[in-house]
Amino acid sequence: MSVALPAGTAVQDHVALAEIELCGELIIAASAVEERLSADRIDEVLRVAEARPDDSDRRSG
């Protein structure tokens with residue numbers, strides 16, 4: 001059995017949309033250079049450093 005959504009109703013998966021946006025940013029970055037992207041550049045494009053906790057907190061403990 002399937003349930004039809006009323007016309008004009010949009011379902012959004014915010015996590016999926018964010019992943020699609022990040023994939024798009026990686027594709028754009030990769031197409032802008034001739035060589036492979038370095039791991040550091042990929043982290044920069046994906047804003048990995050913004051998501052990581054400060055490393056100094058782990059070293060001091």
# chains A, B, ... in the order shown; residues from 1 in each chain; ligands from 1
$ residues_around --residues "region 37-49 of chain A" --least-positions-apart "4" --cutoff "12 Å" --atoms "only C-alpha atoms" --output "count of residues only"
19
